[in-house]
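To be precise, the following lines are entry38.cif, and they hold mmCIF, C-alpha atoms and all ligand atoms.
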```cif
data_model
loop_
_atom_site.label_atom_id
_atom_site.label_comp_id
_atom_site.auth_asym_id
_atom_site.auth_seq_id
_atom_site.Cartn_x
_atom_site.Cartn_y
_atom_site.Cartn_z
CA MET A 181 0.00 0.00 0.00
CA LYS A 182 1.20 3.51 -0.78
CA ILE A 183 0.90 5.97 2.12
CA LEU A 184 1.40 9.72 2.12
CA ILE A 185 2.45 11.34 5.41
CA THR A 186 2.21 15.12 5.81
CA GLY A 187 4.28 16.77 8.55
CA ALA A 188 7.01 14.18 7.91
CA ASN A 189 9.64 16.35 9.64
CA GLY A 190 7.54 16.71 12.80
CA LEU A 191 7.65 14.75 16.04
CA LEU A 192 4.88 12.34 15.06
CA GLY A 193 5.70 12.46 11.34
CA GLN A 194 9.23 11.12 11.85
CA TYR A 195 7.96 8.14 13.88
CA LEU A 196 5.17 7.51 11.35
CA VAL A 197 7.68 7.43 8.51
CA ARG A 198 9.98 4.99 10.32
CA GLN A 199 7.12 2.67 11.31
CA ALA A 200 5.60 2.77 7.82
CA VAL A 201 8.97 1.89 6.25
CA ALA A 202 9.41 -0.96 8.77
CA LYS A 203 5.97 -2.23 7.77
CA LYS A 204 7.14 -2.27 4.14
CA TYR A 205 4.63 0.29 2.94
CA GLU A 206 5.56 2.47 0.02
CA VAL A 207 5.99 5.77 1.87
CA SER A 208 5.90 9.31 0.59
CA GLY A 209 6.47 12.14 3.07
CA ILE A 210 6.05 15.88 2.70
CA GLY A 211 7.40 18.68 4.85
CA LYS A 212 8.70 22.22 4.65
CA GLY A 213 12.35 22.52 3.60
CA PRO A 214 14.83 19.65 3.54
CA SER A 215 14.07 16.32 5.22
CA ARG A 216 15.12 16.27 8.88
CA LEU A 217 14.70 12.53 9.30
CA LEU A 218 17.70 10.56 10.52
CA PRO A 219 18.93 8.30 9.04
CA ALA A 220 18.17 10.39 5.97
CA ALA A 221 17.97 7.49 3.53
CA LEU A 222 15.33 4.88 4.30
CA GLU A 223 14.53 2.22 1.75
CA GLY A 224 11.04 2.69 0.36
CA TYR A 225 10.80 6.33 1.53
CA ILE A 226 10.61 9.38 -0.70
CA TYR A 227 10.57 12.88 0.78
CA THR A 228 9.26 15.99 -1.00
CA ASP A 229 9.65 19.61 0.11
CA LEU A 230 6.13 21.01 -0.25
CA ASP A 231 4.25 23.77 1.54
CA ILE A 232 0.73 22.44 2.09
CA THR A 233 -0.72 25.95 1.93
CA ASP A 234 0.13 25.99 -1.79
CA GLY A 235 -3.15 24.42 -2.89
CA ALA A 236 -2.25 23.91 -6.55
CA ALA A 237 1.12 22.29 -5.74
CA LEU A 238 -0.50 20.03 -3.14
CA GLN A 239 -3.28 19.02 -5.53
CA ASN A 240 -0.83 18.25 -8.37
CA PHE A 241 1.42 16.28 -6.06
CA ILE A 242 -1.35 14.13 -4.55
CA VAL A 243 -3.01 13.43 -7.87
CA ALA A 244 0.34 12.41 -9.39
CA GLU A 245 1.37 10.28 -6.36
CA ARG A 246 -2.02 8.57 -5.92
CA PRO A 247 -1.53 7.28 -2.35
CA GLU A 248 -4.21 4.89 -1.09
CA ALA A 249 -4.09 6.44 2.38
CA ILE A 250 -3.05 9.88 3.61
CA ILE A 251 -2.01 10.58 7.20
CA HIS A 252 -2.38 14.32 7.71
CA ALA A 253 -0.11 15.23 10.63
CA ALA A 254 1.17 18.62 9.36
CA ALA A 255 -0.15 21.57 11.32
CA LEU A 256 0.81 24.75 13.06
CA THR A 257 1.02 23.11 16.48
CA GLN A 258 2.33 25.93 18.67
CA VAL A 259 -0.66 27.17 20.68
CA ASP A 260 0.72 30.65 21.35
CA GLU A 261 1.90 31.11 17.76
CA CYS A 262 -1.66 30.31 16.64
CA GLU A 263 -3.11 32.85 19.07
CA LEU A 264 -0.71 35.57 17.92
CA ASN A 265 -1.00 34.83 14.20
CA LYS A 266 -4.56 33.65 13.56
CA PRO A 267 -4.60 34.06 9.75
CA GLU A 268 -1.45 31.94 9.39
CA CYS A 269 -2.85 29.33 11.80
CA TYR A 270 -6.14 29.18 9.87
CA ASN A 271 -4.30 28.93 6.58
CA VAL A 272 -2.14 25.96 7.64
CA ASN A 273 -4.61 24.13 9.86
CA VAL A 274 -7.90 24.69 8.04
CA THR A 275 -7.42 25.96 4.47
CA ALA A 276 -4.58 23.53 3.69
CA THR A 277 -6.62 20.65 5.16
CA ARG A 278 -9.45 21.62 2.78
CA PHE A 279 -6.98 21.56 -0.15
CA LEU A 280 -5.84 18.12 0.95
CA ILE A 281 -9.42 16.85 1.26
CA GLY A 282 -10.20 18.07 -2.27
CA ALA A 283 -7.21 16.24 -3.73
CA ALA A 284 -7.91 13.08 -1.69
CA GLU A 285 -11.51 13.08 -2.94
CA GLU A 286 -10.27 13.23 -6.51
CA ILE A 287 -8.17 10.06 -6.14
CA LYS A 288 -10.47 8.42 -3.54
CA ALA A 289 -7.72 8.11 -0.93
CA ARG A 290 -8.54 7.31 2.69
CA LEU A 291 -7.67 10.04 5.18
CA VAL A 292 -6.47 9.87 8.76
CA TYR A 293 -6.53 13.39 10.25
CA LEU A 294 -4.56 14.18 13.42
CA SER A 295 -6.43 16.34 15.91
CA THR A 296 -6.10 17.33 19.54
CA ASP A 297 -7.49 17.23 23.08
CA PHE A 298 -7.52 21.06 22.78
CA VAL A 299 -10.86 20.84 20.93
CA PHE A 300 -12.29 20.45 24.48
CA ASP A 301 -12.64 23.19 27.11
CA GLY A 302 -10.99 21.14 29.86
CA LEU A 303 -13.76 21.61 32.41
CA ASN A 304 -14.84 17.95 32.50
CA GLY A 305 -11.94 15.82 31.31
CA PRO A 306 -11.03 13.10 30.63
CA TYR A 307 -13.14 13.02 27.47
CA ALA A 308 -14.73 10.30 25.32
CA GLU A 309 -15.17 10.59 21.55
CA GLU A 310 -18.84 11.58 21.77
CA ASP A 311 -18.29 14.46 24.22
CA GLU A 312 -19.04 17.93 22.89
CA PRO A 313 -15.97 19.94 21.76
CA SER A 314 -15.71 23.55 22.89
CA PRO A 315 -12.19 24.94 22.32
CA VAL A 316 -10.79 27.73 24.49
CA ASN A 317 -7.98 28.85 22.18
CA TYR A 318 -7.46 29.53 18.48
CA TYR A 319 -5.32 26.42 17.89
CA GLY A 320 -8.18 24.25 19.22
CA SER A 321 -10.75 26.14 17.13
CA SER A 322 -8.67 25.70 13.98
CA LYS A 323 -8.27 21.95 14.58
CA LEU A 324 -12.01 21.62 15.24
CA ALA A 325 -12.83 23.50 12.02
CA ALA A 326 -10.56 21.08 10.13
CA GLU A 327 -12.24 18.10 11.85
CA LYS A 328 -15.60 19.39 10.60
CA ALA A 329 -14.25 19.70 7.04
CA VAL A 330 -13.03 16.08 7.24
CA MET A 331 -16.39 14.86 8.62
CA GLU A 332 -18.31 16.69 5.88
CA SER A 333 -16.08 15.33 3.10
CA LYS A 334 -16.91 12.47 0.75
CA LEU A 335 -13.86 10.57 1.99
CA GLU A 336 -13.47 7.41 4.02
CA TRP A 337 -12.01 9.14 7.06
CA ALA A 338 -10.76 8.66 10.59
CA ILE A 339 -9.97 11.45 13.03
CA VAL A 340 -7.34 10.71 15.67
CA ARG A 341 -7.39 13.05 18.64
CA THR A 342 -4.25 12.84 20.72
CA ALA A 343 -2.82 14.64 23.77
CA LEU A 344 0.59 15.88 24.94
CA VAL A 345 2.76 13.69 22.75
CA TYR A 346 6.21 12.86 24.09
CA GLY A 347 9.20 11.48 22.28
CA ILE A 348 12.55 12.59 21.01
CA VAL A 349 13.16 13.28 17.37
CA PRO A 350 16.71 12.34 16.40
CA ALA A 351 17.16 15.55 14.43
CA PRO A 352 17.07 19.22 15.30
CA GLY A 353 13.45 20.15 15.68
CA ARG A 354 11.00 21.71 18.06
CA LYS A 355 11.35 21.04 21.76
CA ASN A 356 8.92 18.81 23.57
CA ILE A 357 8.49 18.23 27.27
CA ILE A 358 11.15 15.49 27.54
CA SER A 359 13.87 17.33 25.63
CA MET A 360 13.05 20.59 27.42
CA VAL A 361 13.34 18.99 30.87
CA THR A 362 16.47 16.95 30.16
CA GLU A 363 18.33 19.74 28.35
CA ASN A 364 17.66 22.32 31.08
CA LEU A 365 18.33 20.07 34.05
CA ARG A 366 21.54 18.74 32.46
CA ALA A 367 22.67 22.37 32.24
CA SER A 368 21.62 22.85 35.92
CA LYS A 369 19.00 25.39 34.84
CA ARG A 370 15.80 25.85 36.84
CA ILE A 371 12.51 25.17 35.06
CA ARG A 372 8.92 26.08 35.90
CA MET A 373 6.21 23.51 35.23
CA VAL A 374 2.45 23.88 35.60
CA ALA A 375 0.77 21.69 38.19
CA ASP A 376 -2.86 22.67 37.52
CA GLN A 377 -3.31 21.20 34.04
CA TRP A 378 -4.12 17.54 33.61
CA ARG A 379 -3.39 15.50 30.48
CA THR A 380 -3.07 11.86 29.43
CA PRO A 381 0.43 11.98 27.87
CA THR A 382 0.96 9.96 24.72
CA PHE A 383 4.10 8.03 23.84
CA VAL A 384 4.76 8.94 20.21
CA GLN A 385 5.56 5.32 19.29
CA ASP A 386 2.15 4.20 20.64
CA LEU A 387 0.41 6.96 18.72
CA ALA A 388 2.09 5.97 15.44
CA GLU A 389 1.11 2.33 16.09
CA GLY A 390 -2.49 3.41 16.77
CA VAL A 391 -2.61 5.29 13.47
CA PHE A 392 -1.44 2.19 11.59
CA LEU A 393 -3.98 0.01 13.45
CA ILE A 394 -6.65 2.35 12.06
CA ILE A 395 -5.25 2.00 8.54
CA GLU A 396 -4.81 -1.78 8.77
CA LYS A 397 -8.30 -2.34 10.21
CA ASN A 398 -9.83 0.22 7.86
CA ALA A 399 -11.43 1.80 10.94
CA ARG A 400 -13.52 4.92 10.49
CA GLY A 401 -14.79 7.66 12.77
CA VAL A 402 -13.26 9.53 15.69
CA PHE A 403 -10.67 7.83 17.94
CA HIS A 404 -9.02 9.10 21.09
CA LEU A 405 -5.43 7.82 21.15
CA SER A 406 -3.34 8.71 24.19
CA GLY A 407 -1.94 7.16 27.35
CA ASP A 408 -4.47 6.50 30.09
CA GLN A 409 -2.80 8.14 33.11
CA LEU A 410 -4.14 11.57 33.99
CA ILE A 411 -1.11 13.58 35.18
CA THR A 412 0.21 17.16 35.14
CA PRO A 413 3.20 18.53 33.20
CA TYR A 414 4.87 19.03 36.62
CA ASP A 415 4.42 15.30 37.40
CA MET A 416 5.86 14.44 33.98
CA ALA A 417 8.89 16.68 34.53
CA VAL A 418 9.62 15.15 37.96
CA ALA A 419 9.25 11.59 36.60
CA THR A 420 11.54 12.50 33.69
CA ALA A 421 14.17 13.99 36.02
CA LYS A 422 14.07 10.90 38.26
CA PHE A 423 14.31 8.57 35.28
CA PHE A 424 17.37 10.31 33.85
CA GLY A 425 18.97 10.75 37.30
CA LEU A 426 18.66 14.55 37.12
CA ASP A 427 18.05 17.02 39.96
CA SER A 428 14.25 17.36 40.31
CA SER A 429 14.64 20.13 42.92
CA LEU A 430 15.35 22.44 39.95
CA ILE A 431 11.72 21.99 38.89
CA GLU A 432 9.43 24.67 40.26
CA LYS A 433 5.69 24.01 40.58
CA ILE A 434 3.61 26.86 39.13
CA THR A 435 0.03 27.64 38.12
CA SER A 436 -1.22 28.34 34.58
CA GLU A 437 -1.94 31.92 35.66
CA GLU A 438 1.72 32.48 36.52
CA LEU A 439 2.75 31.44 33.01
CA ASP A 440 0.47 34.07 31.46
CA GLN A 441 0.61 32.58 27.95
CA PRO A 442 -1.16 34.24 24.98
CA GLY A 443 -3.21 31.08 24.29
CA LYS A 444 -5.46 29.92 27.14
CA ARG A 445 -4.92 26.25 28.08
CA PRO A 446 -7.85 23.95 28.95
CA PRO A 447 -7.29 22.86 32.57
CA ARG A 448 -8.30 19.20 32.56
CA THR A 449 -8.41 17.36 29.26
CA GLY A 450 -7.08 13.84 28.77
CA PHE A 451 -8.90 10.99 27.13
CA ILE A 452 -10.99 7.95 27.86
CA ILE A 453 -9.48 5.48 25.39
CA ASP A 454 -11.84 2.50 25.82
CA LYS A 455 -13.06 2.69 22.20
CA ALA A 456 -9.50 2.48 20.82
CA LYS A 457 -8.63 -0.37 23.21
CA LYS A 458 -11.73 -2.37 22.27
CA THR A 459 -12.02 -1.73 18.54
CA LEU A 460 -8.36 -1.36 17.57
CA GLY A 461 -6.51 -3.33 20.27
CA PHE A 462 -4.67 -0.09 21.12
CA ALA A 463 -2.42 -0.75 24.14
CA PRO A 464 -0.42 2.31 25.22
CA VAL A 465 2.42 2.00 27.73
CA PRO A 466 2.49 3.81 31.11
CA PHE A 467 4.54 7.05 31.15
CA GLU A 468 7.58 5.54 32.90
CA GLU A 469 7.70 2.70 30.39
CA GLY A 470 7.48 5.17 27.50
CA LEU A 471 10.46 7.01 28.98
CA GLN A 472 12.37 3.76 29.25
CA GLN A 473 11.70 2.92 25.60
CA LEU A 474 12.82 6.40 24.56
CA PHE A 475 15.97 5.97 26.56
CA LEU A 476 16.69 2.73 24.68
CA ASP A 477 16.08 4.56 21.38
CA ILE A 478 18.74 7.26 21.90
N1 LIG A 501 2.57 17.14 19.95
C1 LIG A 501 1.47 17.14 20.67
O1 LIG A 501 1.52 17.18 21.91
C2 LIG A 501 0.12 17.05 20.01
C3 LIG A 501 -1.03 17.02 20.82
C4 LIG A 501 -2.27 16.95 20.22
C5 LIG A 501 -2.38 16.91 18.84
N2 LIG A 501 -1.27 16.96 18.06
C6 LIG A 501 -1.44 16.93 16.60
O2 LIG A 501 -0.65 15.91 16.06
C7 LIG A 501 -0.12 16.29 14.79
C8 LIG A 501 1.39 16.10 14.77
O3 LIG A 501 1.96 16.92 15.77
P1 LIG A 501 3.53 16.96 16.06
O4 LIG A 501 3.72 16.91 17.51
O5 LIG A 501 4.24 16.00 15.20
O6 LIG A 501 3.81 18.48 15.59
P2 LIG A 501 5.09 19.11 14.94
O7 LIG A 501 6.33 18.44 15.45
O8 LIG A 501 4.95 20.57 15.08
O9 LIG A 501 4.91 18.68 13.41
C9 LIG A 501 4.06 19.33 12.53
C10 LIG A 501 4.78 19.46 11.21
O10 LIG A 501 3.97 20.17 10.28
C11 LIG A 501 4.83 20.91 9.46
N3 LIG A 501 4.18 22.03 8.79
C12 LIG A 501 3.69 23.16 9.36
N4 LIG A 501 3.25 23.99 8.42
C13 LIG A 501 3.47 23.37 7.23
C14 LIG A 501 3.24 23.75 5.88
N5 LIG A 501 2.68 24.92 5.57
N6 LIG A 501 3.59 22.88 4.90
C15 LIG A 501 4.17 21.70 5.21
N7 LIG A 501 4.42 21.29 6.46
C16 LIG A 501 4.07 22.12 7.46
C17 LIG A 501 5.89 21.44 10.42
O11 LIG A 501 7.02 21.82 9.67
P3 LIG A 501 8.25 22.61 10.36
O12 LIG A 501 8.78 21.66 11.38
O13 LIG A 501 9.19 22.80 9.24
O14 LIG A 501 7.67 23.84 10.94
C18 LIG A 501 6.10 20.24 11.33
O15 LIG A 501 7.20 19.46 10.91
C19 LIG A 501 -0.59 17.73 14.56
O16 LIG A 501 -1.68 17.73 13.69
C20 LIG A 501 -0.98 18.22 15.94
O17 LIG A 501 -2.01 19.19 15.85
C21 LIG A 501 -0.01 17.02 18.61
#
```

Taking this structure as input, can you express it in the form of structure tokens?
Ligand SMILES: NC(=O)c1ccc[n+]([C@@H]2O[C@H](COP(=O)([O-])OP(=O)(O)OC[C@H]3O[C@@H](n4cnc5c(N)ncnc54)[C@H](OP(=O)(O)O)[C@@H]3O)[C@@H](O)[C@H]2O)c1
Amino acid sequence: MKILITGANGLLGQYLVRQAVAKKYEVSGIGKGPSRLLPAALEGYIYTDLDITDGAALQNFIVAERPEAIIHAAALTQVDECELNKPECYNVNVTATRFLIGAAEEIKARLVYLSTDFVFDGLNGPYAEEDEPSPVNYYGSSKLAAEKAVMESKLEWAIVRTALVYGIVPAPGRKNIISMVTENLRASKRIRMVADQWRTPTFVQDLAEGVFLIIEKNARGVFHLSGDQLITPYDMAVATAKFFGLDSSLIEKITSEELDQPGKRPPRTGFIIDKAKKTLGFAPVPFEEGLQQLFLDI
């Protein structure tokens, strides 16, 4: 099967590419600028530099490539950047997703769209798939608008909502909670972590496996794919410090209010993942085990 992965340079994208290659799929990845995947050459993998907001280029590319399935992981994922630059966020997260849907409809490709726990307001988490979304920031609104476009399309689709993904990309890229904690504590720098936001952190390897379970089982509809422990970023930072033998006293507990970020964060999200466990056989690892697997990877 030929699979197209957007956001191939991203945290999830890099793991998706490696898993897809290991599964012997024919894999095409797109990202902005040169490929950041390491090792750069993977048998069966072709990378193309393509900005997904260029509708005509995206359309031509998809129609020429004719993938049977598209995993759409590219997005503007920085919550504050989205809040401060709404037109750009809308363009990447919504308009480009519409371009992609149009092209996928033309070649009748299946679509797996990656969405977020930030479609919920965080007042009543953890959430199940049928709970009512109500985003509190622009990033969440843009992802919800894209979800709606996917749901209203003529495609065979699945929407994967995930939460606080952790992993380490073996190439220079954006920081995530693990790299941020380890890099700062190794340099004996103090860090401040919020202790009043709850999430169900997701091991990136589990998430990629869940996406391929959806493709292999031809599953459709909305799926919540995350870990199943409801913890705070502060708890994650302390567990990470302990795991890597770093000084956890450098981690300061703070409230969301103290951070004063441009984009409001939903306080208590996280997912109920019973549907994914039952229908897909999704089996995510506990946070400490995810850390251990990451440690083996690097
Ligand atoms: N990470 C999380 O905690 C989390 C939580 C919930 C949901 N999600 C969702 O999961 C998906 C994957 O997230 P991730 O963590 O892998 O994010 P990521 O590391 O930020 O990856 C997203 C990728 O999209 C690419 N991209 C952005 N604009 C583009 C454009 N115009 N054309 C082509 N590529 C473009 C980015 O390229 P550059 O790197 O070059 O900017 C980046 O590599 C996203 O849809 C996100 O909304 C993630």

May I have the centre and edge lengths, in Å to one decimal, of an axis-aligned box around the listed atoms of ligand LIG 501 (chain A) with 8 Å added to every side, as JSON?
```
{"center_x": 3.4, "center_y": 20.4, "center_z": 13.4, "size_x": 27.6, "size_y": 25.0, "size_z": 33.0}
```

For atom CA of A:Val345 and atom N5 of ligand LIG 501 (chain A), determine how far apart the two atoms are, in Å to one decimal place. 20.5 Å

Using all atoms listed in the file, what table do you get, as JSON lines, when you list each residue of chain A with an atom no more than 7 Å from ligand LIG 501 (chain A), its nearest pair of atoms, and their distance in Å rounded to one decimal, rows by chain then rising number?
```
{"residue": "A:Thr186", "atom": "CA", "partner": "A:LIG501", "partner_atom": "N7", "distance": 6.6}
{"residue": "A:Gly187", "atom": "CA", "partner": "A:LIG501", "partner_atom": "C10", "distance": 3.8}
{"residue": "A:Ala188", "atom": "CA", "partner": "A:LIG501", "partner_atom": "O15", "distance": 6.1}
{"residue": "A:Asn189", "atom": "CA", "partner": "A:LIG501", "partner_atom": "O15", "distance": 4.2}
{"residue": "A:Gly190", "atom": "CA", "partner": "A:LIG501", "partner_atom": "O9", "distance": 3.3}
{"residue": "A:Leu191", "atom": "CA", "partner": "A:LIG501", "partner_atom": "O5", "distance": 3.7}
{"residue": "A:Leu192", "atom": "CA", "partner": "A:LIG501", "partner_atom": "O5", "distance": 3.7}
{"residue": "A:Gly193", "atom": "CA", "partner": "A:LIG501", "partner_atom": "O5", "distance": 5.4}
{"residue": "A:Ile210", "atom": "CA", "partner": "A:LIG501", "partner_atom": "C15", "distance": 6.6}
{"residue": "A:Gly211", "atom": "CA", "partner": "A:LIG501", "partner_atom": "N7", "distance": 4.3}
{"residue": "A:Lys212", "atom": "CA", "partner": "A:LIG501", "partner_atom": "C15", "distance": 4.6}
{"residue": "A:Gly213", "atom": "CA", "partner": "A:LIG501", "partner_atom": "O13", "distance": 6.5}
{"residue": "A:Leu230", "atom": "CA", "partner": "A:LIG501", "partner_atom": "C15", "distance": 5.8}
{"residue": "A:Asp231", "atom": "CA", "partner": "A:LIG501", "partner_atom": "N6", "distance": 3.5}
{"residue": "A:Ile232", "atom": "CA", "partner": "A:LIG501", "partner_atom": "N6", "distance": 4.0}
{"residue": "A:Thr233", "atom": "CA", "partner": "A:LIG501", "partner_atom": "N5", "distance": 5.1}
{"residue": "A:His252", "atom": "CA", "partner": "A:LIG501", "partner_atom": "O16", "distance": 6.9}
{"residue": "A:Ala253", "atom": "CA", "partner": "A:LIG501", "partner_atom": "O16", "distance": 4.3}
{"residue": "A:Ala254", "atom": "CA", "partner": "A:LIG501", "partner_atom": "O10", "distance": 3.3}
{"residue": "A:Ala255", "atom": "CA", "partner": "A:LIG501", "partner_atom": "O10", "distance": 4.5}
{"residue": "A:Leu256", "atom": "CA", "partner": "A:LIG501", "partner_atom": "C12", "distance": 5.0}
{"residue": "A:Thr257", "atom": "CA", "partner": "A:LIG501", "partner_atom": "O8", "distance": 4.9}
{"residue": "A:Gln258", "atom": "CA", "partner": "A:LIG501", "partner_atom": "O8", "distance": 7.0}
{"residue": "A:Val272", "atom": "CA", "partner": "A:LIG501", "partner_atom": "N5", "distance": 5.3}
{"residue": "A:Leu294", "atom": "CA", "partner": "A:LIG501", "partner_atom": "O16", "distance": 4.6}
{"residue": "A:Ser295", "atom": "CA", "partner": "A:LIG501", "partner_atom": "C5", "distance": 5.0}
{"residue": "A:Thr296", "atom": "CA", "partner": "A:LIG501", "partner_atom": "C5", "distance": 3.8}
{"residue": "A:Asp297", "atom": "CA", "partner": "A:LIG501", "partner_atom": "C4", "distance": 6.0}
{"residue": "A:Lys323", "atom": "CA", "partner": "A:LIG501", "partner_atom": "O17", "distance": 7.0}
{"residue": "A:Arg341", "atom": "CA", "partner": "A:LIG501", "partner_atom": "C5", "distance": 6.3}
{"residue": "A:Thr342", "atom": "CA", "partner": "A:LIG501", "partner_atom": "C4", "distance": 4.6}
{"residue": "A:Ala343", "atom": "CA", "partner": "A:LIG501", "partner_atom": "C3", "distance": 4.2}
{"residue": "A:Leu344", "atom": "CA", "partner": "A:LIG501", "partner_atom": "O1", "distance": 3.4}
{"residue": "A:Val345", "atom": "CA", "partner": "A:LIG501", "partner_atom": "O1", "distance": 3.8}
{"residue": "A:Tyr346", "atom": "CA", "partner": "A:LIG501", "partner_atom": "O1", "distance": 6.7}
{"residue": "A:Gly353", "atom": "CA", "partner": "A:LIG501", "partner_atom": "O12", "distance": 6.5}
{"residue": "A:Arg354", "atom": "CA", "partner": "A:LIG501", "partner_atom": "O7", "distance": 6.3}
```

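With only C-alpha atoms as the atoms that count, the residue of A:Ala338, A:Ile394, A:Leu280, A:Val259 with the shortest distance to A:Pro315 is A:Val259.
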
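Environment of (-8.8, 8.6, 20.0): residues at most 9 Å away, judged by all atoms listed in the file, are Ala308, Glu309, Ile339, Val340, Arg341, Thr342, Gly390, Val402, Phe403, His404, Leu405, Ser406, Phe451, Ile452, Ile453, Asp454, Lys455 and Ala456 of chain A.
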
What is the atom CA of A:Pro219-atom CA of A:Leu476 distance in Å, reported with one decimal? 16.8 Å

A:Val207 surroundings by all atoms listed in the file, 12 Å radius, close-in-sequence under 4 positions cut, as an MDAnalysis selection string: chainID A and resid 181:186 188 193:194 196:203 222:228 245:251

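Taking atom CA of A:Gln473 as the reference point, atom CA of A:Ile357 is found at 15.7 Å.
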
Exercise: residues within 10 Å of coordinate (-9.9, 31.4, 29.2), counting all atoms listed in the file, as an MDAnalysis selection string: chainID A and resid 301 315:317 443:447

Incomplete stretch 244-250 of chain A filled out to all heavy atoms as a tab-separated table (two decimals), in the frame of the given file:
```tsv
chain	number	residue	atom	x	y	z
A	244	ALA	N	-0.72	13.15	-8.70
A	244	ALA	CA	0.34	12.41	-9.39
A	244	ALA	C	0.80	11.20	-8.56
A	244	ALA	O	1.04	10.12	-9.10
A	244	ALA	CB	1.53	13.33	-9.65
A	245	GLU	N	0.88	11.36	-7.24
A	245	GLU	CA	1.37	10.28	-6.36
A	245	GLU	C	0.36	9.15	-6.17
A	245	GLU	O	0.71	8.01	-6.00
A	245	GLU	CB	1.70	10.84	-4.97
A	245	GLU	CG	3.00	11.59	-4.89
A	245	GLU	CD	4.19	10.65	-4.84
A	245	GLU	OE1	4.25	9.80	-3.95
A	245	GLU	OE2	5.04	10.77	-5.74
A	246	ARG	N	-0.91	9.50	-6.13
A	246	ARG	CA	-2.02	8.57	-5.92
A	246	ARG	C	-1.82	7.62	-4.74
A	246	ARG	O	-1.87	6.39	-4.87
A	246	ARG	CB	-2.28	7.74	-7.19
A	246	ARG	CG	-2.56	8.57	-8.42
A	246	ARG	CD	-3.17	7.78	-9.54
A	246	ARG	NE	-4.63	7.70	-9.44
A	246	ARG	CZ	-5.45	8.70	-9.74
A	246	ARG	NH1	-4.98	9.85	-10.16
A	246	ARG	NH2	-6.74	8.53	-9.61
A	247	PRO	N	-1.61	8.17	-3.52
A	247	PRO	CA	-1.53	7.28	-2.35
A	247	PRO	C	-2.91	6.69	-2.04
A	247	PRO	O	-3.92	7.33	-2.32
A	247	PRO	CB	-1.09	8.22	-1.23
A	247	PRO	CG	-1.60	9.56	-1.65
A	247	PRO	CD	-1.51	9.59	-3.15
A	248	GLU	N	-2.92	5.47	-1.48
A	248	GLU	CA	-4.21	4.89	-1.09
A	248	GLU	C	-4.70	5.47	0.24
A	248	GLU	O	-5.89	5.54	0.50
A	248	GLU	CB	-4.08	3.37	-0.95
A	248	GLU	CG	-3.93	2.66	-2.28
A	248	GLU	CD	-3.39	1.27	-2.08
A	248	GLU	OE1	-4.15	0.41	-1.60
A	248	GLU	OE2	-2.20	1.06	-2.39
A	249	ALA	N	-3.73	5.84	1.08
A	249	ALA	CA	-4.09	6.44	2.38
A	249	ALA	C	-3.21	7.66	2.64
A	249	ALA	O	-2.02	7.66	2.29
A	249	ALA	CB	-3.92	5.42	3.49
A	250	ILE	N	-3.81	8.68	3.24
A	250	ILE	CA	-3.05	9.88	3.61
A	250	ILE	C	-3.16	10.07	5.11
A	250	ILE	O	-4.27	10.03	5.67
A	250	ILE	CB	-3.62	11.13	2.90
A	250	ILE	CG1	-3.58	10.95	1.37
A	250	ILE	CG2	-2.84	12.39	3.31
A	250	ILE	CD1	-4.24	12.08	0.59
```
